[in-house]
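Participant: Here you go, this is run29.csv (CSV, C-alpha atoms).
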chain,number,residue,atom,x,y,z
W,38,MET,CA,10.0,-23.4,26.2
W,39,ASN,CA,9.3,-20.2,24.3
W,40,LYS,CA,12.3,-20.8,22.0
W,41,GLU,CA,10.9,-24.3,21.3
W,42,LEU,CA,7.5,-22.8,20.4
W,43,GLU,CA,9.1,-20.3,18.1
W,44,HIS,CA,11.1,-22.9,16.4
W,45,GLN,CA,8.1,-25.2,16.0
W,46,PHE,CA,5.9,-22.4,14.6
W,47,VAL,CA,8.5,-21.0,12.1
W,48,THR,CA,9.2,-24.5,10.8
W,49,GLU,CA,5.5,-25.3,10.4
W,50,LEU,CA,4.9,-22.0,8.6
W,51,GLU,CA,8.0,-22.5,6.4
W,52,ASN,CA,6.7,-25.8,5.3
W,53,ASN,CA,3.2,-24.5,4.7
W,54,GLN,CA,4.0,-21.0,3.4
W,55,ASN,CA,2.4,-21.7,0.0
W,56,ILE,CA,-1.0,-21.3,1.5
W,57,VAL,CA,-0.2,-17.8,2.7
W,58,HIS,CA,1.5,-16.9,-0.6
W,59,LYS,CA,-1.6,-18.0,-2.5
W,60,VAL,CA,-3.8,-15.8,-0.4
W,61,CYS,CA,-1.5,-12.9,-0.9
W,62,THR,CA,-1.4,-13.4,-4.7
W,63,LEU,CA,-5.1,-13.3,-4.8
W,64,TYR,CA,-5.6,-10.2,-2.6
W,65,THR,CA,-2.7,-8.0,-3.7
W,66,ASN,CA,-1.4,-6.7,-6.9
W,67,ASP,CA,2.3,-6.0,-6.4
W,68,ARG,CA,5.2,-7.4,-4.6
W,69,ASP,CA,5.3,-4.9,-1.8
W,70,SER,CA,1.7,-5.4,-0.9
W,71,HIS,CA,2.2,-9.1,-1.2
W,72,ASN,CA,5.0,-9.0,1.4
W,73,ASP,CA,3.1,-6.6,3.5
W,74,LEU,CA,0.1,-9.0,3.7
W,75,PHE,CA,2.3,-12.0,4.2
W,76,GLN,CA,3.9,-10.3,7.2
W,77,GLU,CA,0.5,-9.4,8.7
W,78,ILE,CA,-0.8,-12.9,8.3
W,79,THR,CA,2.4,-14.3,9.9
W,80,ILE,CA,2.0,-12.0,12.8
W,81,GLN,CA,-1.7,-13.0,13.2
W,82,LEU,CA,-0.7,-16.7,12.9
W,83,TRP,CA,2.0,-16.3,15.5
W,84,LYS,CA,-0.3,-14.5,17.9
W,85,ALA,CA,-2.9,-17.2,17.7
W,86,TYR,CA,-0.4,-20.1,17.7
W,87,PRO,CA,-0.5,-20.7,21.5
W,88,LYS,CA,-4.3,-21.4,21.0
W,89,PHE,CA,-3.6,-23.9,18.3
W,90,ARG,CA,-4.0,-27.2,20.0
W,91,GLY,CA,-3.1,-29.5,17.2
W,92,ASP,CA,-6.5,-31.1,17.1
W,93,SER,CA,-6.7,-30.0,13.5
W,94,LYS,CA,-4.0,-29.9,10.9
W,95,PHE,CA,-1.8,-26.8,11.0
W,96,SER,CA,-2.6,-26.1,7.4
W,97,THR,CA,-6.4,-26.3,8.0
W,98,TRP,CA,-6.0,-23.8,10.7
W,99,MET,CA,-3.9,-21.5,8.5
W,100,TYR,CA,-6.6,-21.1,5.9
W,101,ARG,CA,-8.9,-19.5,8.4
W,102,VAL,CA,-6.3,-17.1,9.9
W,103,ALA,CA,-4.9,-16.2,6.5
W,104,LEU,CA,-8.3,-15.4,5.0
W,105,ASN,CA,-9.6,-13.6,8.1
W,106,THR,CA,-6.5,-11.4,8.0
W,107,ALA,CA,-6.9,-10.7,4.3
W,108,ILE,CA,-10.6,-9.9,4.2
W,109,THR,CA,-11.0,-8.4,7.7
W,110,LEU,CA,-8.0,-7.3,9.6
W,111,TYR,CA,-5.6,-6.2,6.9
W,112,ARG,CA,-5.5,-2.5,6.0
W,113,LYS,CA,-4.0,-1.7,2.7
W,114,SER,CA,-1.0,0.5,3.1
W,115,LYS,CA,-0.4,3.5,0.9
W,116,ARG,CA,0.8,1.2,-1.8
W,117,ARG,CA,-2.4,1.0,-3.9
W,118,ILE,CA,-2.8,-0.2,-7.4
W,119,LYS,CA,-2.7,2.7,-9.7
W,120,THR,CA,-5.8,3.3,-11.8
W,121,GLN,CA,-3.7,2.9,-14.9
W,122,ASP,CA,-2.7,-0.7,-14.0
W,123,TYR,CA,-6.3,-1.5,-13.4
W,124,GLU,CA,-7.5,-0.1,-16.7
W,125,SER,CA,-4.8,-1.9,-18.6
W,126,VAL,CA,-6.1,-5.2,-17.2
W,127,ILE,CA,-9.5,-4.6,-18.4
W,128,PHE,CA,-8.2,-3.4,-21.8
W,129,LYS,CA,-6.2,-6.6,-22.2
W,130,ILE,CA,-9.2,-8.8,-21.4
W,131,LYS,CA,-11.2,-7.1,-24.1
W,132,ALA,CA,-8.4,-7.5,-26.7
W,133,GLU,CA,-7.8,-11.2,-25.9
W,134,GLU,CA,-11.3,-12.4,-25.5
W,135,TYR,CA,-11.5,-14.2,-28.8
W,136,ASP,CA,-8.5,-16.3,-28.2
W,137,GLU,CA,-9.5,-19.9,-27.6
W,138,THR,CA,-6.4,-21.6,-26.4
W,139,GLU,CA,-6.3,-23.0,-22.9
W,140,GLU,CA,-3.4,-20.8,-21.9
W,141,GLN,CA,-5.2,-17.7,-22.9
W,142,GLN,CA,-8.4,-18.8,-21.2
W,143,LEU,CA,-6.5,-19.4,-18.0
W,144,LYS,CA,-5.0,-15.9,-18.1
W,145,LEU,CA,-8.4,-14.5,-18.5
W,146,MET,CA,-9.7,-16.5,-15.7
W,147,TYR,CA,-7.0,-15.3,-13.3
W,148,LYS,CA,-7.7,-11.8,-14.3
W,149,ALA,CA,-11.4,-12.3,-13.8
W,150,VAL,CA,-10.9,-13.8,-10.4
W,151,LYS,CA,-8.8,-10.8,-9.4
W,152,GLN,CA,-11.7,-8.5,-10.2
W,153,LEU,CA,-14.0,-10.2,-7.8
W,154,GLY,CA,-14.9,-8.8,-4.4
W,155,ASP,CA,-13.1,-9.9,-1.2
W,156,ILE,CA,-15.7,-12.4,-0.1
W,157,ASP,CA,-16.1,-13.9,-3.6
W,158,LYS,CA,-12.3,-14.3,-3.8
W,159,ALA,CA,-12.3,-16.2,-0.5
W,160,LEU,CA,-14.9,-18.6,-1.8
W,161,VAL,CA,-13.0,-19.1,-5.0
W,162,PHE,CA,-9.8,-19.6,-3.1
W,163,LEU,CA,-11.2,-22.3,-0.9
W,164,TYR,CA,-12.8,-23.9,-3.9
W,165,LEU,CA,-9.5,-24.0,-5.8
W,166,GLU,CA,-7.8,-25.4,-2.8
W,167,ASP,CA,-10.3,-28.3,-3.1
W,168,LYS,CA,-12.1,-27.6,0.2
W,169,ASP,CA,-15.6,-29.0,0.4
W,170,TYR,CA,-18.6,-26.8,1.1
W,171,SER,CA,-18.8,-27.7,4.7
W,172,GLU,CA,-15.3,-26.3,5.3
W,173,ILE,CA,-16.0,-23.3,3.1
W,174,SER,CA,-19.2,-22.5,5.1
W,175,GLU,CA,-17.4,-23.0,8.4
W,176,THR,CA,-14.5,-20.8,7.5
W,177,LEU,CA,-16.7,-17.9,6.3
W,178,GLY,CA,-19.5,-18.4,8.8
W,179,ILE,CA,-22.3,-18.9,6.4
W,180,THR,CA,-24.5,-21.9,5.9
W,181,GLU,CA,-23.6,-24.7,3.4
W,182,VAL,CA,-26.6,-24.0,1.2
W,183,ASN,CA,-25.7,-20.3,1.0
W,184,ALA,CA,-22.1,-21.2,0.2
W,185,ARG,CA,-23.3,-23.3,-2.7
W,186,VAL,CA,-25.7,-20.6,-3.9
W,187,LYS,CA,-22.9,-18.0,-3.6
W,188,MET,CA,-20.5,-20.2,-5.5
W,189,ASN,CA,-23.0,-20.6,-8.4
W,190,ARG,CA,-23.4,-16.9,-8.5
W,191,ILE,CA,-19.7,-16.4,-8.7
W,192,LYS,CA,-19.4,-18.9,-11.5
W,193,ASN,CA,-22.0,-16.9,-13.4
W,194,LYS,CA,-20.3,-13.7,-12.6
W,195,LEU,CA,-17.0,-15.1,-13.9
W,196,ARG,CA,-18.8,-16.2,-17.1
W,197,THR,CA,-20.1,-12.7,-17.7
W,198,ILE,CA,-16.7,-11.2,-17.1
W,199,LEU,CA,-15.2,-13.6,-19.6
W,200,ASN,CA,-17.9,-13.3,-22.2
W,201,PRO,CA,-19.4,-9.8,-21.9
Y,218,MET,CA,-17.3,-27.2,-19.4
Y,219,ASP,CA,-16.7,-25.6,-16.1
Y,220,GLU,CA,-14.1,-22.9,-16.5
Y,221,LEU,CA,-13.4,-23.1,-12.7
Y,222,GLU,CA,-12.3,-26.7,-13.0
Y,223,LEU,CA,-9.7,-25.8,-15.6
Y,224,LEU,CA,-8.5,-23.1,-13.3
Y,225,LYS,CA,-8.4,-25.5,-10.3
Y,226,LYS,CA,-6.1,-27.9,-12.1
Y,227,ASP,CA,-3.7,-25.1,-13.1
Y,228,TRP,CA,-3.9,-23.5,-9.6
Y,229,GLN,CA,-2.8,-26.6,-7.9
Y,230,ASN,CA,0.2,-26.9,-10.2
Y,231,LYS,CA,1.2,-23.3,-9.7
Y,232,GLU,CA,3.2,-24.0,-6.5
Y,233,GLU,CA,6.7,-23.8,-8.0
Y,234,HIS,CA,6.0,-20.2,-9.1
Y,235,LEU,CA,5.3,-19.0,-5.7
Y,236,PRO,CA,7.9,-17.0,-3.7
Y,237,LYS,CA,9.8,-19.0,-1.1
Y,238,LEU,CA,10.8,-17.4,2.2
Y,239,SER,CA,13.6,-18.8,4.3
Y,240,TYR,CA,13.3,-19.8,8.0
Y,241,GLU,CA,15.2,-16.6,9.0
Y,242,GLU,CA,12.9,-14.4,7.0
Y,243,ILE,CA,9.8,-15.8,8.6
Y,244,TYR,CA,11.5,-15.7,12.0
Y,245,THR,CA,12.1,-12.0,11.8
Y,246,MET,CA,8.5,-11.4,10.7
Y,247,ILE,CA,7.0,-12.8,13.9
Y,248,TRP,CA,8.5,-10.0,15.9
Y,249,LYS,CA,7.2,-7.2,13.6
Y,250,LYS,CA,4.3,-5.0,14.8
Y,251,SER,CA,0.9,-5.8,13.5
Y,252,SER,CA,-1.0,-3.1,11.7
Y,253,SER,CA,-4.4,-4.7,11.7
Y,254,ILE,CA,-7.6,-2.7,12.0
Y,255,VAL,CA,-8.2,-4.2,15.4
Y,256,LYS,CA,-5.0,-2.7,16.6
Y,257,TRP,CA,-6.0,0.7,15.2
Y,258,ILE,CA,-9.4,0.5,16.8
Y,259,LEU,CA,-7.7,-0.2,20.1
Y,260,ILE,CA,-5.3,2.7,19.8
Y,261,ILE,CA,-8.0,5.2,18.6
Y,262,SER,CA,-10.4,4.0,21.4
Y,263,ILE,CA,-7.9,4.4,24.1
Y,264,LEU,CA,-7.1,7.9,22.9
Y,265,GLU,CA,-10.8,8.6,22.8
Y,266,LEU,CA,-11.3,7.4,26.3
Y,267,ILE,CA,-8.3,9.5,27.6
Y,268,ILE,CA,-8.6,12.8,25.7
Y,269,PRO,CA,-12.0,14.0,26.9
Y,270,ASN,CA,-11.1,13.0,30.5
Y,271,LEU,CA,-7.8,14.7,30.3
Y,272,PHE,CA,-9.7,17.8,29.4
Y,273,TYR,CA,-12.0,17.5,32.4
Y,274,LEU,CA,-9.2,16.6,34.8
Y,275,SER,CA,-6.7,19.2,33.9
Y,276,PRO,CA,-6.5,21.6,36.9
Y,277,SER,CA,-6.9,24.8,35.0
Y,278,VAL,CA,-10.1,23.7,33.3
Y,279,ARG,CA,-11.4,22.4,36.6
Y,280,GLU,CA,-10.8,25.7,38.4
Y,281,ASP,CA,-12.5,27.6,35.6
Y,282,ILE,CA,-15.5,25.2,35.7
Y,283,VAL,CA,-16.1,24.9,39.4
Y,284,PHE,CA,-17.4,28.3,40.3
Y,285,GLY,CA,-18.2,29.3,43.8
Y,286,SER,CA,-21.1,27.5,45.3
Y,287,GLY,CA,-24.8,27.3,44.8
Y,288,ILE,CA,-27.2,25.3,42.6
Y,289,PHE,CA,-24.9,25.2,39.7
Y,290,ASN,CA,-22.2,23.5,41.7
Y,291,THR,CA,-24.5,20.9,43.1
Y,292,VAL,CA,-25.8,20.1,39.6
Y,293,TYR,CA,-22.3,20.0,38.2
Y,294,MET,CA,-21.0,17.7,40.9
Y,295,SER,CA,-23.8,15.1,40.4
Y,296,PHE,CA,-23.3,15.5,36.7
Y,297,THR,CA,-19.6,14.6,37.0
Y,298,THR,CA,-20.3,11.6,39.2
Y,299,LEU,CA,-22.7,10.3,36.7
Y,300,TYR,CA,-20.3,10.9,33.9
Y,301,TYR,CA,-17.5,8.9,35.5
Y,302,GLY,CA,-19.8,6.1,36.4
Y,303,VAL,CA,-20.8,5.8,32.7
Y,304,VAL,CA,-17.2,6.1,31.5
Y,305,ILE,CA,-16.1,3.2,33.8
Y,306,TYR,CA,-19.0,1.1,32.4
Y,307,PHE,CA,-17.9,1.9,28.9
Y,308,ILE,CA,-14.3,0.9,29.6
Y,309,PHE,CA,-15.4,-2.4,31.1
Y,310,GLN,CA,-17.7,-3.1,28.2
Y,311,PHE,CA,-15.0,-2.2,25.7
Y,312,TYR,CA,-12.5,-4.4,27.3
Y,313,ARG,CA,-14.8,-7.4,27.5
Y,314,ARG,CA,-15.8,-7.2,23.9
Y,315,TYR,CA,-12.3,-6.5,22.7
Y,316,LYS,CA,-11.1,-9.7,24.4
Y,317,GLU,CA,-13.7,-11.6,22.4
Y,318,ILE,CA,-12.1,-10.8,19.1
Y,319,SER,CA,-10.3,-13.9,17.8
Y,320,VAL,CA,-8.8,-14.4,14.4
Y,321,LEU,CA,-9.7,-18.1,14.8
Y,322,ASP,CA,-13.4,-17.3,14.5
Y,323,SER,CA,-15.3,-17.7,11.2
Y,324,SER,CA,-15.0,-14.6,9.1
Y,325,LYS,CA,-18.6,-13.5,9.8
Y,326,ASN,CA,-18.2,-13.8,13.5
Y,327,LEU,CA,-14.9,-12.0,13.5
Y,328,MET,CA,-16.4,-9.1,11.6
Y,329,ARG,CA,-19.5,-9.1,13.9
Y,330,LYS,CA,-17.3,-8.9,17.0
Y,331,ILE,CA,-15.2,-6.1,15.6
Y,332,ILE,CA,-18.3,-4.1,14.7
Y,333,ARG,CA,-19.6,-4.7,18.2
Y,334,VAL,CA,-16.4,-3.2,19.7
Y,335,ARG,CA,-16.7,-0.3,17.4
Y,336,LYS,CA,-20.4,0.2,18.4
Y,337,THR,CA,-19.3,0.4,22.1
Y,338,VAL,CA,-16.9,3.1,21.2
Y,339,LYS,CA,-19.5,4.8,19.0
Y,340,HIS,CA,-22.0,4.8,21.9
Y,341,TYR,CA,-19.3,6.2,24.2
Y,342,ILE,CA,-18.6,9.0,21.7
Y,343,ILE,CA,-22.3,9.8,21.4
Y,344,PHE,CA,-22.5,9.8,25.1
Y,345,CYS,CA,-19.5,12.2,25.5
Y,346,LEU,CA,-20.9,14.5,22.8
Y,347,SER,CA,-24.3,14.7,24.4
Y,348,MET,CA,-22.8,15.2,27.8
Y,349,THR,CA,-20.8,18.1,26.4
Y,350,LEU,CA,-24.1,19.5,25.0
Y,351,VAL,CA,-25.8,19.0,28.3
Y,352,PHE,CA,-22.9,20.7,30.1
Y,353,PHE,CA,-23.4,23.7,27.9
Y,354,VAL,CA,-27.1,23.8,28.6
Y,355,ILE,CA,-26.5,23.5,32.4
Y,356,PHE,CA,-24.0,26.3,32.0
Y,357,ILE,CA,-26.6,28.5,30.3
Y,358,PHE,CA,-29.2,27.7,33.0
Y,359,GLY,CA,-26.5,28.4,35.6
Y,360,ILE,CA,-26.0,31.9,34.2
Y,361,TYR,CA,-29.7,32.7,34.5
Y,362,LEU,CA,-30.2,31.2,37.9
Y,363,ASP,CA,-27.1,32.1,39.7
Y,364,ASP,CA,-25.4,35.5,39.1
Y,365,SER,CA,-22.3,34.5,41.0
Y,366,LEU,CA,-21.5,32.1,38.2
Y,367,LEU,CA,-21.0,34.8,35.6
Y,368,LEU,CA,-19.4,37.2,38.0
Y,369,SER,CA,-16.8,34.6,39.0
Y,370,ILE,CA,-15.3,34.7,35.5
Y,371,ASP,CA,-12.4,37.2,35.3
Y,372,GLY,CA,-13.1,40.5,33.7
Y,373,VAL,CA,-16.9,40.1,33.8
Y,374,SER,CA,-17.6,42.6,36.6
Y,375,GLU,CA,-15.7,45.4,34.7
Y,376,LYS,CA,-17.7,44.7,31.6
Y,377,LEU,CA,-21.0,44.9,33.6
Y,378,ASP,CA,-20.4,48.6,34.1
Y,379,GLU,CA,-20.9,49.1,30.4
Y,380,VAL,CA,-23.6,46.5,29.6
Y,381,PRO,CA,-26.7,45.8,31.8
Y,382,LEU,CA,-26.6,42.3,33.4
Y,383,GLU,CA,-29.7,40.9,31.6
Y,384,LYS,CA,-28.4,41.8,28.2
Y,385,PHE,CA,-25.0,40.4,29.1
Y,386,LYS,CA,-26.6,37.1,30.2
Y,387,THR,CA,-28.4,36.7,26.9
Y,388,MET,CA,-25.3,37.5,24.9
Y,389,ALA,CA,-23.2,35.0,27.0
Y,390,SER,CA,-25.8,32.3,26.6
Y,391,LEU,CA,-25.9,32.8,22.8
Y,392,VAL,CA,-22.2,32.6,22.5
Y,393,ILE,CA,-22.0,29.5,24.7
Y,394,ALA,CA,-24.9,27.8,22.7
Y,395,ILE,CA,-23.3,28.4,19.4
Y,396,GLY,CA,-19.8,27.4,20.7
Y,397,GLY,CA,-21.3,24.2,22.1
Y,398,ILE,CA,-22.9,23.2,18.8
Y,399,VAL,CA,-19.8,24.0,16.8
Y,400,VAL,CA,-17.5,22.0,19.2
Y,401,VAL,CA,-19.9,19.0,19.2
Y,402,GLY,CA,-20.4,19.1,15.5
Y,403,LEU,CA,-16.7,19.3,14.8
Y,404,LEU,CA,-15.7,16.5,17.2
Y,405,GLY,CA,-18.5,14.3,15.9
Y,406,GLY,CA,-17.6,14.9,12.3
Y,407,ILE,CA,-13.9,14.0,12.9
Y,408,TYR,CA,-14.9,10.9,14.7
Y,409,PHE,CA,-17.3,9.5,12.1
Y,410,LEU,CA,-15.0,10.3,9.3
Y,411,LEU,CA,-12.1,8.5,11.0
Y,412,TYR,CA,-14.1,5.3,11.6
Y,413,GLY,CA,-15.9,5.5,8.3
Y,414,LEU,CA,-12.5,5.4,6.5
Y,415,LEU,CA,-11.0,2.8,8.8
Y,416,LEU,CA,-13.9,0.3,8.6
Y,417,ARG,CA,-15.1,0.9,5.1
Y,418,LYS,CA,-13.8,-2.4,3.8
Y,419,LEU,CA,-14.9,-4.4,6.8
Y,420,ASN,CA,-18.4,-3.0,6.6
Y,421,ARG,CA,-18.7,-3.8,3.0
Y,422,ASN,CA,-17.6,-7.4,3.4
Y,423,TYR,CA,-19.8,-7.9,6.5
Y,424,LYS,CA,-22.8,-6.6,4.6
Y,425,GLU,CA,-22.1,-9.0,1.8
Y,426,LEU,CA,-21.9,-12.0,4.2
Y,427,LYS,CA,-25.1,-10.8,6.0
Y,428,ARG,CA,-26.9,-10.4,2.7
Y,429,LEU,CA,-26.3,-14.1,2.0
Y,430,GLU,CA,-28.3,-15.1,5.0
Y,431,VAL,CA,-31.6,-13.5,4.0
Could you spell out this file's structure in structure tokens?

Facilitator:
Amino acid sequence: MNKELEHQFVTELENNQNIVHKVCTLYTNDRDSHNDLFQEITIQLWKAYPKFRGDSKFSTWMYRVALNTAITLYRKSKRRIKTQDYESVIFKIKAEEYDETEEQQLKLMYKAVKQLGDIDKALVFLYLEDKDYSEISETLGITEVNARVKMNRIKNKLRTILNP
Amino acid sequence: MDELELLKKDWQNKEEHLPKLSYEEIYTMIWKKSSSIVKWILIISILELIIPNLFYLSPSVREDIVFGSGIFNTVYMSFTTLYYGVVIYFIFQFYRRYKEISVLDSSKNLMRKIIRVRKTVKHYIIFCLSMTLVFFVIFIFGIYLDDSLLLSIDGVSEKLDEVPLEKFKTMASLVIAIGGIVVVGLLGGIYFLLYGLLLRKLNRNYKELKRLEV
């Protein structure tokens, strides 16, 4: 029975691991922290798995656990981004800001998103994953109206980061 | 045009650049130990519940504290009974709230419940520290009301040949009062620093979600 559950879980996670990797990409800055967070999310998913009844899709359920782990439960280990790395990111943004090509714009966007706070990142993540506002609001525990307001603020924030 | 829309298109095509873990790699991960803050709170809280009580329960400390008989002893006994009653209440409350924490909740609820658990522990600590202060106060009163209390401490009767009893009482009270404040201040400082660091991120994120609701 237990073996079966393990097998079922690992297979589901293996098939849906992209969701977790994306969360890790957004919330960490290097490979070690990425793996560290991935592992913590996996543990949390596994611990909660017996409560997963299958009334929603496995992937839907994963979004919530993964984000909750990233913004609430996860404690950064000693591996922190060095101040130097962070400064170079800002420096690069300033140097490249006049470049108009789509490729460059995207690069800047990713960097700008990385600079957002934890909650803002969660909203952006769900938005990029094409979740509607009702799902975003349910996941984070805020009202739909507030989710929209917040999203607009984030868009403005991103705009200022991109065009200071 | 909306910059985010551009990003969204690209984001959804990014999948092939993501790392890919094998079945085996994921399988080994599910047996690793979690290092989540909830786990840390549990560990620290259990230590906090145990340590002060170990101190009270250790036989040598007990013998030193329970002096002879008299008013002091009666006060001390009722004080201890009250203390354990409250400790049991806190353990029960802590367990109930801890059980409510679920990673399947919405982020805001999850954070709220973690903060509630922490509040229980915080109240417990405040209770312990005030009890320690109260204990020191009772002790000082005991010295004034009941001479046998002071005399029961080893070496005191010899000292009394040199110093008059009244003067000695005042000195002892002063030392105990200062000692009490220092001990309580130190323990409180360590505690709040520990939790402040542990929950800094959580508090910040929770405040941000709360602010949205105004």

Participant: Residues of chain Y within 8 Å of chain W, counting all atoms listed in the file - could you list those as a count of residues only?

Facilitator: 42

Participant: Take atom CA of Leu415 of chain Y and atom CA of Lys316 of chain Y and report the distance between them in Å, one decimal.

Facilitator: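 One can read the atom CA of Leu415 of chain Y to atom CA of Lys316 of chain Y distance as 20.0 Å.
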
Participant: Kindly give the distance, in Å, that separates atom CA of Thr337 of chain Y and atom CA of Phe353 of chain Y, rounded to a single decimal.

Facilitator: 24.4 Å

Participant: Counting all atoms listed in the file, which residue out of W:Leu42, W:Val57, W:Arg190, W:Pro87 sits closest to Leu74 of chain W?

Facilitator: W:Val57

Participant: Using only C-alpha atoms, which residue out of Y:Ile357, Y:Asn420, Y:Ile260, Y:His234 lies closest to Arg333 of chain Y?

Facilitator: Y:Asn420

Participant: Mind pulling up the distance from atom CA of Thr245 of chain Y to atom CA of Glu233 of chain Y?

Facilitator: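 So the answer is 23.7 Å.
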
Participant: Can you tell me which residues surround Val400 of chain Y at a distance of at most 12 Å, considering all atoms listed in the file, apart from same-chain residues fewer than 3 positions away, and format the answer as a list in words?

Facilitator: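 These residues fall inside the cut-off: Cys345, Leu346, Ser347, Thr349, Leu350, Phe353, Ile393, Ala394, Ile395, Gly396, Gly397, Leu403, Leu404, Gly405, Gly406 and Ile407 of chain Y.
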
Participant: Can you tell me which residues surround segment 302-306 of chain Y at a distance of at most 9 Å, considering all atoms listed in the file, apart from same-chain residues fewer than 4 positions away, and format the answer as a ChimeraX atom specification?

Facilitator: /Y:266,297-298,310-311,341,344-345

Participant: Which residues, written as a list in words, have at least one atom at most 10 Å from segment 379-392 of chain Y, with all atoms listed in the file counted and residues fewer than 5 positions away on the same chain left out?

Facilitator: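 Neighbouring residues, sequence-local ones excluded: Phe353, Val354, Phe356, Ile357, Phe358, Gly359, Ile360, Tyr361, Asp364, Leu367, Leu368, Val373, Ser374 and Gly397 of chain Y.
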
Participant: Model the absent atoms of segment 237-254 of chain Y so that N, CA and C atoms are present, and write the result as an mmCIF file, in the coordinates of the input.

Facilitator:
data_model
loop_
_atom_site.group_PDB
_atom_site.id
_atom_site.type_symbol
_atom_site.label_atom_id
_atom_site.label_comp_id
_atom_site.auth_asym_id
_atom_site.auth_seq_id
_atom_site.Cartn_x
_atom_site.Cartn_y
_atom_site.Cartn_z
ATOM 1 N N LYS Y 237 9.421 -18.082 -2.166
ATOM 2 C CA LYS Y 237 9.800 -19.000 -1.100
ATOM 3 C C LYS Y 237 10.575 -18.209 -0.040
ATOM 4 N N LEU Y 238 10.063 -18.139 1.167
ATOM 5 C CA LEU Y 238 10.800 -17.400 2.200
ATOM 6 C C LEU Y 238 11.582 -18.396 3.057
ATOM 7 N N SER Y 239 12.729 -17.906 3.531
ATOM 8 C CA SER Y 239 13.600 -18.800 4.300
ATOM 9 C C SER Y 239 13.114 -18.778 5.795
ATOM 10 N N TYR Y 240 13.628 -19.724 6.546
ATOM 11 C CA TYR Y 240 13.300 -19.800 8.000
ATOM 12 C C TYR Y 240 13.632 -18.460 8.658
ATOM 13 N N GLU Y 241 14.790 -17.896 8.345
ATOM 14 C CA GLU Y 241 15.200 -16.600 9.000
ATOM 15 C C GLU Y 241 14.239 -15.497 8.640
ATOM 16 N N GLU Y 242 13.841 -15.446 7.374
ATOM 17 C CA GLU Y 242 12.900 -14.400 7.000
ATOM 18 C C GLU Y 242 11.616 -14.446 7.735
ATOM 19 N N ILE Y 243 11.100 -15.661 7.873
ATOM 20 C CA ILE Y 243 9.800 -15.800 8.600
ATOM 21 C C ILE Y 243 10.071 -15.505 10.089
ATOM 22 N N TYR Y 244 11.211 -15.930 10.600
ATOM 23 C CA TYR Y 244 11.500 -15.700 12.000
ATOM 24 C C TYR Y 244 11.508 -14.202 12.346
ATOM 25 N N THR Y 245 12.119 -13.399 11.483
ATOM 26 C CA THR Y 245 12.100 -12.000 11.800
ATOM 27 C C THR Y 245 10.721 -11.373 11.713
ATOM 28 N N MET Y 246 9.898 -11.955 10.837
ATOM 29 C CA MET Y 246 8.500 -11.400 10.700
ATOM 30 C C MET Y 246 7.702 -11.539 11.951
ATOM 31 N N ILE Y 247 7.911 -12.617 12.707
ATOM 32 C CA ILE Y 247 7.000 -12.800 13.900
ATOM 33 C C ILE Y 247 7.220 -11.756 14.941
ATOM 34 N N TRP Y 248 8.312 -11.009 14.849
ATOM 35 C CA TRP Y 248 8.500 -10.000 15.900
ATOM 36 C C TRP Y 248 8.146 -8.572 15.362
ATOM 37 N N LYS Y 249 7.632 -8.511 14.136
ATOM 38 C CA LYS Y 249 7.200 -7.200 13.600
ATOM 39 C C LYS Y 249 5.871 -6.812 14.250
ATOM 40 N N LYS Y 250 5.599 -5.511 14.200
ATOM 41 C CA LYS Y 250 4.300 -5.000 14.800
ATOM 42 C C LYS Y 250 3.194 -5.202 13.794
ATOM 43 N N SER Y 251 2.070 -5.611 14.358
ATOM 44 C CA SER Y 251 0.900 -5.800 13.500
ATOM 45 C C SER Y 251 0.317 -4.405 13.168
ATOM 46 N N SER Y 252 -0.300 -4.314 11.993
ATOM 47 C CA SER Y 252 -1.000 -3.100 11.700
ATOM 48 C C SER Y 252 -2.427 -3.341 11.312
ATOM 49 N N SER Y 253 -3.010 -4.322 12.009
ATOM 50 C CA SER Y 253 -4.400 -4.700 11.700
ATOM 51 C C SER Y 253 -5.368 -3.645 12.182
ATOM 52 N N ILE Y 254 -6.577 -3.674 11.622
ATOM 53 C CA ILE Y 254 -7.600 -2.700 12.000
ATOM 54 C C ILE Y 254 -7.940 -2.811 13.480
#
